[in-house]
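*Asks:* Provided below: data-v3.txt, containing compact mmCIF, N, CA and C atoms.
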```
# COMPACT_ATOMS: atom_id res chain seq x y z
N MET A 12 -46.11 -4.80 -90.09
CA MET A 12 -46.63 -5.16 -88.78
C MET A 12 -45.54 -5.87 -87.99
N ARG A 13 -45.36 -5.48 -86.77
CA ARG A 13 -44.33 -6.08 -85.93
C ARG A 13 -44.96 -7.11 -85.00
N VAL A 14 -44.36 -8.29 -84.94
CA VAL A 14 -44.86 -9.37 -84.09
C VAL A 14 -44.09 -9.34 -82.78
N ASN A 15 -44.82 -9.43 -81.71
CA ASN A 15 -44.20 -9.45 -80.38
C ASN A 15 -43.36 -10.73 -80.26
N PRO A 16 -42.07 -10.63 -79.98
CA PRO A 16 -41.21 -11.82 -79.91
C PRO A 16 -41.65 -12.79 -78.82
N ARG A 17 -42.27 -12.27 -77.79
CA ARG A 17 -42.75 -13.14 -76.71
C ARG A 17 -43.80 -14.13 -77.23
N PHE A 18 -44.77 -13.60 -77.96
CA PHE A 18 -45.81 -14.45 -78.51
C PHE A 18 -45.28 -15.36 -79.61
N LEU A 19 -44.33 -14.89 -80.36
CA LEU A 19 -43.72 -15.69 -81.41
C LEU A 19 -43.00 -16.89 -80.83
N ALA A 20 -42.25 -16.67 -79.76
CA ALA A 20 -41.51 -17.77 -79.13
C ALA A 20 -42.46 -18.81 -78.57
N ILE A 21 -43.52 -18.36 -77.92
CA ILE A 21 -44.49 -19.30 -77.36
C ILE A 21 -45.22 -20.05 -78.47
N ALA A 22 -45.61 -19.35 -79.51
CA ALA A 22 -46.31 -19.99 -80.61
C ALA A 22 -45.45 -21.04 -81.30
N LEU A 23 -44.18 -20.70 -81.51
CA LEU A 23 -43.28 -21.67 -82.15
C LEU A 23 -43.05 -22.89 -81.26
N ALA A 24 -42.88 -22.67 -79.97
CA ALA A 24 -42.64 -23.78 -79.05
C ALA A 24 -43.84 -24.70 -78.97
N LEU A 25 -45.03 -24.12 -79.01
CA LEU A 25 -46.24 -24.94 -78.90
C LEU A 25 -46.61 -25.59 -80.22
N ALA A 26 -46.37 -24.92 -81.32
CA ALA A 26 -46.79 -25.44 -82.61
C ALA A 26 -45.89 -26.55 -83.13
N THR A 27 -44.61 -26.46 -82.93
CA THR A 27 -43.69 -27.44 -83.48
C THR A 27 -43.95 -28.85 -82.98
N PRO A 28 -44.02 -29.10 -81.67
CA PRO A 28 -44.29 -30.46 -81.23
C PRO A 28 -45.69 -30.92 -81.57
N ALA A 29 -46.65 -30.00 -81.60
CA ALA A 29 -48.02 -30.39 -81.89
C ALA A 29 -48.17 -30.88 -83.32
N VAL A 30 -47.41 -30.31 -84.24
CA VAL A 30 -47.47 -30.75 -85.63
C VAL A 30 -46.83 -32.13 -85.76
N ALA A 31 -45.74 -32.32 -85.07
CA ALA A 31 -45.02 -33.58 -85.18
C ALA A 31 -45.77 -34.73 -84.54
N GLN A 32 -46.55 -34.43 -83.48
CA GLN A 32 -47.18 -35.50 -82.73
C GLN A 32 -48.33 -34.91 -81.93
N PRO A 33 -49.51 -35.55 -81.94
CA PRO A 33 -50.63 -35.03 -81.16
C PRO A 33 -50.29 -34.98 -79.67
N ALA A 34 -50.88 -34.03 -78.97
CA ALA A 34 -50.57 -33.85 -77.55
C ALA A 34 -50.93 -35.09 -76.74
N ALA A 35 -52.00 -35.77 -77.10
CA ALA A 35 -52.41 -36.95 -76.35
C ALA A 35 -51.39 -38.07 -76.47
N GLN A 36 -50.62 -38.07 -77.55
CA GLN A 36 -49.66 -39.14 -77.78
C GLN A 36 -48.22 -38.68 -77.51
N ALA A 37 -48.08 -37.56 -76.83
CA ALA A 37 -46.74 -37.04 -76.58
C ALA A 37 -45.95 -38.06 -75.77
N ASP A 38 -44.80 -38.40 -76.27
CA ASP A 38 -43.95 -39.38 -75.60
C ASP A 38 -43.25 -38.72 -74.43
N GLU A 39 -43.17 -39.43 -73.32
CA GLU A 39 -42.57 -38.87 -72.12
C GLU A 39 -41.12 -38.45 -72.34
N SER A 40 -40.38 -39.26 -73.08
CA SER A 40 -38.97 -38.91 -73.32
C SER A 40 -38.86 -37.66 -74.18
N ASP A 41 -39.76 -37.48 -75.14
CA ASP A 41 -39.77 -36.27 -75.95
C ASP A 41 -40.04 -35.04 -75.08
N CYS A 42 -40.99 -35.20 -74.16
CA CYS A 42 -41.32 -34.08 -73.27
C CYS A 42 -40.14 -33.74 -72.38
N LYS A 43 -39.49 -34.75 -71.84
CA LYS A 43 -38.33 -34.50 -70.98
C LYS A 43 -37.20 -33.83 -71.77
N ALA A 44 -36.98 -34.29 -72.98
CA ALA A 44 -35.92 -33.70 -73.81
C ALA A 44 -36.24 -32.26 -74.15
N GLU A 45 -37.49 -31.99 -74.48
CA GLU A 45 -37.89 -30.63 -74.83
C GLU A 45 -37.76 -29.72 -73.61
N ALA A 46 -38.18 -30.20 -72.44
CA ALA A 46 -38.07 -29.42 -71.21
C ALA A 46 -36.60 -29.16 -70.86
N ALA A 47 -35.77 -30.16 -71.05
CA ALA A 47 -34.34 -30.01 -70.75
C ALA A 47 -33.71 -28.97 -71.67
N THR A 48 -34.09 -28.97 -72.93
CA THR A 48 -33.57 -27.99 -73.89
C THR A 48 -33.98 -26.58 -73.49
N ILE A 49 -35.24 -26.43 -73.11
CA ILE A 49 -35.72 -25.11 -72.71
C ILE A 49 -35.01 -24.65 -71.44
N GLU A 50 -34.82 -25.57 -70.49
CA GLU A 50 -34.11 -25.20 -69.25
C GLU A 50 -32.66 -24.79 -69.54
N ARG A 51 -32.02 -25.49 -70.47
CA ARG A 51 -30.65 -25.14 -70.85
C ARG A 51 -30.63 -23.74 -71.48
N ASP A 52 -31.60 -23.47 -72.36
CA ASP A 52 -31.69 -22.15 -72.98
C ASP A 52 -31.96 -21.07 -71.93
N MET A 53 -32.75 -21.40 -70.90
CA MET A 53 -33.01 -20.45 -69.82
C MET A 53 -31.72 -20.13 -69.07
N ASP A 54 -30.91 -21.15 -68.82
CA ASP A 54 -29.64 -20.92 -68.13
C ASP A 54 -28.72 -20.03 -68.96
N ILE A 55 -28.69 -20.28 -70.25
CA ILE A 55 -27.86 -19.45 -71.14
C ILE A 55 -28.35 -18.01 -71.14
N ALA A 56 -29.68 -17.83 -71.25
CA ALA A 56 -30.24 -16.48 -71.24
C ALA A 56 -29.94 -15.78 -69.92
N ARG A 57 -30.04 -16.51 -68.81
CA ARG A 57 -29.74 -15.92 -67.50
C ARG A 57 -28.28 -15.50 -67.42
N SER A 58 -27.39 -16.36 -67.91
CA SER A 58 -25.96 -16.04 -67.83
C SER A 58 -25.59 -14.83 -68.70
N ARG A 59 -26.38 -14.59 -69.75
CA ARG A 59 -26.11 -13.45 -70.63
C ARG A 59 -26.88 -12.21 -70.22
N GLY A 60 -27.66 -12.33 -69.14
CA GLY A 60 -28.43 -11.18 -68.67
C GLY A 60 -29.68 -10.92 -69.50
N GLN A 61 -30.14 -11.88 -70.25
CA GLN A 61 -31.32 -11.73 -71.11
C GLN A 61 -32.57 -12.17 -70.32
N MET A 62 -32.96 -11.33 -69.39
CA MET A 62 -34.05 -11.71 -68.48
C MET A 62 -35.40 -11.81 -69.19
N LEU A 63 -35.65 -10.99 -70.18
CA LEU A 63 -36.89 -11.09 -70.93
C LEU A 63 -36.95 -12.43 -71.65
N ARG A 64 -35.86 -12.80 -72.28
CA ARG A 64 -35.79 -14.09 -72.98
C ARG A 64 -35.96 -15.25 -71.99
N ARG A 65 -35.36 -15.12 -70.81
CA ARG A 65 -35.48 -16.16 -69.80
C ARG A 65 -36.93 -16.29 -69.34
N ARG A 66 -37.61 -15.16 -69.17
CA ARG A 66 -39.01 -15.18 -68.76
C ARG A 66 -39.88 -15.82 -69.84
N GLN A 67 -39.60 -15.50 -71.11
CA GLN A 67 -40.34 -16.11 -72.21
C GLN A 67 -40.15 -17.62 -72.23
N LEU A 68 -38.91 -18.04 -72.00
CA LEU A 68 -38.63 -19.47 -71.97
C LEU A 68 -39.30 -20.15 -70.78
N ALA A 69 -39.39 -19.45 -69.66
CA ALA A 69 -40.07 -20.00 -68.49
C ALA A 69 -41.55 -20.23 -68.79
N GLU A 70 -42.16 -19.30 -69.50
CA GLU A 70 -43.56 -19.47 -69.89
C GLU A 70 -43.71 -20.63 -70.86
N THR A 71 -42.77 -20.74 -71.79
CA THR A 71 -42.80 -21.85 -72.74
C THR A 71 -42.63 -23.18 -72.01
N LEU A 72 -41.72 -23.21 -71.04
CA LEU A 72 -41.50 -24.43 -70.25
C LEU A 72 -42.76 -24.81 -69.50
N ALA A 73 -43.45 -23.84 -68.92
CA ALA A 73 -44.69 -24.12 -68.21
C ALA A 73 -45.74 -24.72 -69.15
N ALA A 74 -45.80 -24.19 -70.36
CA ALA A 74 -46.75 -24.72 -71.35
C ALA A 74 -46.39 -26.15 -71.74
N VAL A 75 -45.11 -26.42 -71.92
CA VAL A 75 -44.67 -27.78 -72.27
C VAL A 75 -44.98 -28.74 -71.13
N GLN A 76 -44.71 -28.32 -69.91
CA GLN A 76 -44.98 -29.19 -68.77
C GLN A 76 -46.47 -29.46 -68.62
N ALA A 77 -47.31 -28.46 -68.86
CA ALA A 77 -48.75 -28.65 -68.79
C ALA A 77 -49.23 -29.61 -69.87
N ARG A 78 -48.67 -29.48 -71.06
CA ARG A 78 -49.06 -30.34 -72.16
C ARG A 78 -48.61 -31.78 -71.95
N CYS A 79 -47.46 -31.94 -71.33
CA CYS A 79 -46.87 -33.27 -71.19
C CYS A 79 -47.31 -34.01 -69.94
N GLN A 80 -48.03 -33.36 -69.05
CA GLN A 80 -48.47 -34.06 -67.86
C GLN A 80 -49.40 -35.19 -68.26
N THR A 81 -49.11 -36.36 -67.72
CA THR A 81 -49.97 -37.50 -68.01
C THR A 81 -50.95 -37.67 -66.87
N PRO A 82 -52.22 -37.80 -67.18
CA PRO A 82 -53.18 -37.99 -66.11
C PRO A 82 -52.98 -39.35 -65.45
N ALA A 83 -53.28 -39.41 -64.17
CA ALA A 83 -53.14 -40.67 -63.44
C ALA A 83 -54.09 -41.70 -64.04
N PRO A 84 -53.61 -42.92 -64.24
CA PRO A 84 -54.49 -43.93 -64.82
C PRO A 84 -55.66 -44.23 -63.89
N ALA A 85 -56.82 -44.36 -64.48
CA ALA A 85 -58.01 -44.66 -63.71
C ALA A 85 -57.93 -46.09 -63.18
N GLN A 86 -58.30 -46.24 -61.93
CA GLN A 86 -58.27 -47.57 -61.35
C GLN A 86 -59.40 -48.40 -61.90
N SER A 87 -59.13 -49.67 -62.05
CA SER A 87 -60.18 -50.56 -62.49
C SER A 87 -61.16 -50.77 -61.33
N ARG A 88 -62.31 -51.24 -61.64
CA ARG A 88 -63.32 -51.49 -60.61
C ARG A 88 -62.81 -52.49 -59.58
N ALA A 89 -62.17 -53.55 -60.05
CA ALA A 89 -61.65 -54.58 -59.14
C ALA A 89 -60.58 -54.01 -58.21
N ALA A 90 -59.72 -53.15 -58.74
CA ALA A 90 -58.68 -52.54 -57.92
C ALA A 90 -59.29 -51.61 -56.88
N SER A 91 -60.33 -50.88 -57.24
CA SER A 91 -61.00 -49.99 -56.30
C SER A 91 -61.65 -50.79 -55.18
N ILE A 92 -62.28 -51.90 -55.53
CA ILE A 92 -62.91 -52.77 -54.53
C ILE A 92 -61.86 -53.33 -53.58
N GLN A 93 -60.75 -53.80 -54.13
CA GLN A 93 -59.68 -54.35 -53.30
C GLN A 93 -59.12 -53.29 -52.35
N GLN A 94 -58.93 -52.09 -52.83
CA GLN A 94 -58.41 -51.01 -52.00
C GLN A 94 -59.37 -50.70 -50.86
N LEU A 95 -60.67 -50.64 -51.16
CA LEU A 95 -61.65 -50.36 -50.11
C LEU A 95 -61.70 -51.48 -49.08
N GLU A 96 -61.59 -52.72 -49.54
CA GLU A 96 -61.58 -53.85 -48.60
C GLU A 96 -60.39 -53.76 -47.66
N GLN A 97 -59.23 -53.37 -48.18
CA GLN A 97 -58.05 -53.22 -47.33
C GLN A 97 -58.25 -52.11 -46.30
N GLU A 98 -58.84 -51.01 -46.73
CA GLU A 98 -59.10 -49.91 -45.80
C GLU A 98 -60.07 -50.34 -44.71
N ILE A 99 -61.09 -51.12 -45.08
CA ILE A 99 -62.06 -51.60 -44.09
C ILE A 99 -61.39 -52.51 -43.07
N ARG A 100 -60.51 -53.42 -43.54
CA ARG A 100 -59.80 -54.30 -42.62
C ARG A 100 -58.94 -53.49 -41.65
N ALA A 101 -58.24 -52.48 -42.16
CA ALA A 101 -57.40 -51.65 -41.31
C ALA A 101 -58.25 -50.89 -40.28
N LEU A 102 -59.39 -50.35 -40.71
CA LEU A 102 -60.26 -49.63 -39.79
C LEU A 102 -60.85 -50.56 -38.73
N ARG A 103 -61.17 -51.78 -39.12
CA ARG A 103 -61.70 -52.75 -38.15
C ARG A 103 -60.65 -53.08 -37.09
N LYS A 104 -59.39 -53.20 -37.52
CA LYS A 104 -58.31 -53.47 -36.55
C LYS A 104 -58.20 -52.31 -35.57
N GLU A 105 -58.27 -51.09 -36.08
CA GLU A 105 -58.20 -49.92 -35.20
C GLU A 105 -59.38 -49.90 -34.25
N LEU A 106 -60.56 -50.23 -34.75
CA LEU A 106 -61.76 -50.25 -33.92
C LEU A 106 -61.63 -51.31 -32.83
N ASP A 107 -61.16 -52.50 -33.19
CA ASP A 107 -60.96 -53.56 -32.20
C ASP A 107 -59.99 -53.12 -31.11
N ALA A 108 -58.90 -52.47 -31.50
CA ALA A 108 -57.91 -51.99 -30.53
C ALA A 108 -58.53 -50.92 -29.62
N ALA A 109 -59.32 -50.03 -30.18
CA ALA A 109 -59.96 -48.98 -29.39
C ALA A 109 -60.98 -49.57 -28.43
N GLU A 110 -61.74 -50.57 -28.89
CA GLU A 110 -62.72 -51.22 -28.01
C GLU A 110 -62.02 -51.96 -26.87
N ALA A 111 -60.90 -52.61 -27.16
CA ALA A 111 -60.14 -53.31 -26.12
C ALA A 111 -59.62 -52.31 -25.09
N GLN A 112 -59.13 -51.18 -25.54
CA GLN A 112 -58.64 -50.15 -24.64
C GLN A 112 -59.78 -49.61 -23.78
N LEU A 113 -60.96 -49.43 -24.38
CA LEU A 113 -62.12 -48.94 -23.65
C LEU A 113 -62.53 -49.94 -22.58
N ARG A 114 -62.57 -51.23 -22.93
CA ARG A 114 -62.91 -52.27 -21.95
C ARG A 114 -61.93 -52.26 -20.78
N LYS A 115 -60.66 -52.11 -21.10
CA LYS A 115 -59.62 -52.08 -20.06
C LYS A 115 -59.83 -50.90 -19.12
N LEU A 116 -60.10 -49.71 -19.67
CA LEU A 116 -60.33 -48.54 -18.85
C LEU A 116 -61.58 -48.69 -17.98
N ARG A 117 -62.63 -49.29 -18.53
CA ARG A 117 -63.88 -49.49 -17.76
C ARG A 117 -63.67 -50.48 -16.64
N SER A 118 -62.85 -51.52 -16.93
CA SER A 118 -62.63 -52.53 -15.89
C SER A 118 -61.77 -51.97 -14.77
N GLU A 119 -60.92 -51.01 -15.03
CA GLU A 119 -60.10 -50.38 -14.00
C GLU A 119 -60.97 -49.51 -13.09
N ASP A 120 -62.02 -48.91 -13.65
CA ASP A 120 -62.91 -48.05 -12.87
C ASP A 120 -63.78 -48.87 -11.92
N SER A 121 -64.05 -50.09 -12.25
CA SER A 121 -64.95 -50.91 -11.44
C SER A 121 -64.34 -51.44 -10.19
```
So, in terms of structure tokens, how does the structure I just supplied come out?
*Replies:*
Amino acid sequence: MRVNPRFLAIALALATPAVAQPAAQADESDCKAEAATIERDMDIARSRGQMLRRRQLAETLAAVQARCQTPAPAQSRAASIQQLEQEIRALRKELDAAEAQLRKLRSEDS
């Protein structure tokens, strides 16, 4: 039975880091190093005219980047409240300025 090299490359790239370390605990520096290695291999494949290999590596790189993306930390309740209070203060300032401008325009008409 012949194994498609495309699937083999992707399987090896995904399985090796997963065995060494769970995806949830993937270290950012490990992800950057792995991505840099794949990008270097892509450059080499491109320079040698190995476009199929380069495409396989691009798919592997996309998988690594997807795995290594860290979700944005959830804001605490207190931080959310503080952010909303700041937005309200800014909107009130804008409203006050708009009301002052409206009063000025009305007084000019009179």
*Asks:* Identify which of the residues A:Leu116, A:Ile49, A:Leu106, A:Ala44 lies closest to A:Ala73, counting only C-alpha atoms when measuring atom-to-atom distances.
*Replies:*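 Answer, going by the shortest atom-to-atom distance: A:Ile49.
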*Asks:* Which centre and which edge lengths, in Å to one decimal, describe the axis-aligned box that holds all listed atoms of stretch 72-77 of chain A after 8 Å is added on each side, as lines of an AutoDock Vina configuration file?
*Replies:*
```
center_x = -45.4
center_y = -26.4
center_z = -70.2
size_x = 23.7
size_y = 22.4
size_z = 20.1
```
*Asks:* Considering only helix (DSSP H, G or I) as DSSP defines it on the backbone, what residues of stretch 28-117 of chain A qualify? List them as an MDAnalysis selection string.
*Replies:* chainID A and resid 28:31 34:36 39:58 62:79 88:117
*Asks:* Give me, please, the distance in Å between atom N of A:Arg51 and atom C of A:Gln76, quoted to one decimal.
*Replies:*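 Computing it gives 15.1 Å between the two atoms.
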*Asks:* Excluding A:Glu39 and any residue of its chain fewer than 6 positions from it, enumerate the residues within 12 Å of it, using only C-alpha atoms, and give them as a list in words.
*Replies:*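 Contacts, with the query itself left out: Glu45, Ala46, Val75, Gln76, Arg78, Cys79, Gln80 and Thr81 of chain A.
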*Asks:* Restrict the selected residues to N, CA and C atoms and save them as a PDB file, in the coordinates of the input.
*Replies:*
```pdb
ATOM      1  N   GLU A  45     -37.490 -31.990 -74.480  1.00  0.00           N
ATOM      2  CA  GLU A  45     -37.890 -30.630 -74.830  1.00  0.00           C
ATOM      3  C   GLU A  45     -37.760 -29.720 -73.610  1.00  0.00           C
ATOM      4  N   ALA A  46     -38.180 -30.200 -72.440  1.00  0.00           N
ATOM      5  CA  ALA A  46     -38.070 -29.420 -71.210  1.00  0.00           C
ATOM      6  C   ALA A  46     -36.600 -29.160 -70.860  1.00  0.00           C
ATOM      7  N   VAL A  75     -45.110 -26.420 -71.920  1.00  0.00           N
ATOM      8  CA  VAL A  75     -44.670 -27.780 -72.270  1.00  0.00           C
ATOM      9  C   VAL A  75     -44.980 -28.740 -71.130  1.00  0.00           C
ATOM     10  N   GLN A  76     -44.710 -28.320 -69.910  1.00  0.00           N
ATOM     11  CA  GLN A  76     -44.980 -29.190 -68.770  1.00  0.00           C
ATOM     12  C   GLN A  76     -46.470 -29.460 -68.620  1.00  0.00           C
ATOM     13  N   ARG A  78     -48.670 -29.480 -71.060  1.00  0.00           N
ATOM     14  CA  ARG A  78     -49.060 -30.340 -72.160  1.00  0.00           C
ATOM     15  C   ARG A  78     -48.610 -31.780 -71.950  1.00  0.00           C
ATOM     16  N   CYS A  79     -47.460 -31.940 -71.330  1.00  0.00           N
ATOM     17  CA  CYS A  79     -46.870 -33.270 -71.190  1.00  0.00           C
ATOM     18  C   CYS A  79     -47.310 -34.010 -69.940  1.00  0.00           C
ATOM     19  N   GLN A  80     -48.030 -33.360 -69.050  1.00  0.00           N
ATOM     20  CA  GLN A  80     -48.470 -34.060 -67.860  1.00  0.00           C
ATOM     21  C   GLN A  80     -49.400 -35.190 -68.260  1.00  0.00           C
ATOM     22  N   THR A  81     -49.110 -36.360 -67.720  1.00  0.00           N
ATOM     23  CA  THR A  81     -49.970 -37.500 -68.010  1.00  0.00           C
ATOM     24  C   THR A  81     -50.950 -37.670 -66.870  1.00  0.00           C
TER      25      THR A  81
END
```
*Asks:* Expressed in Å to a single decimal, how great is the separation between atom CA of A:Arg114 and atom CA of A:Glu98?
*Replies:* 24.3 Å
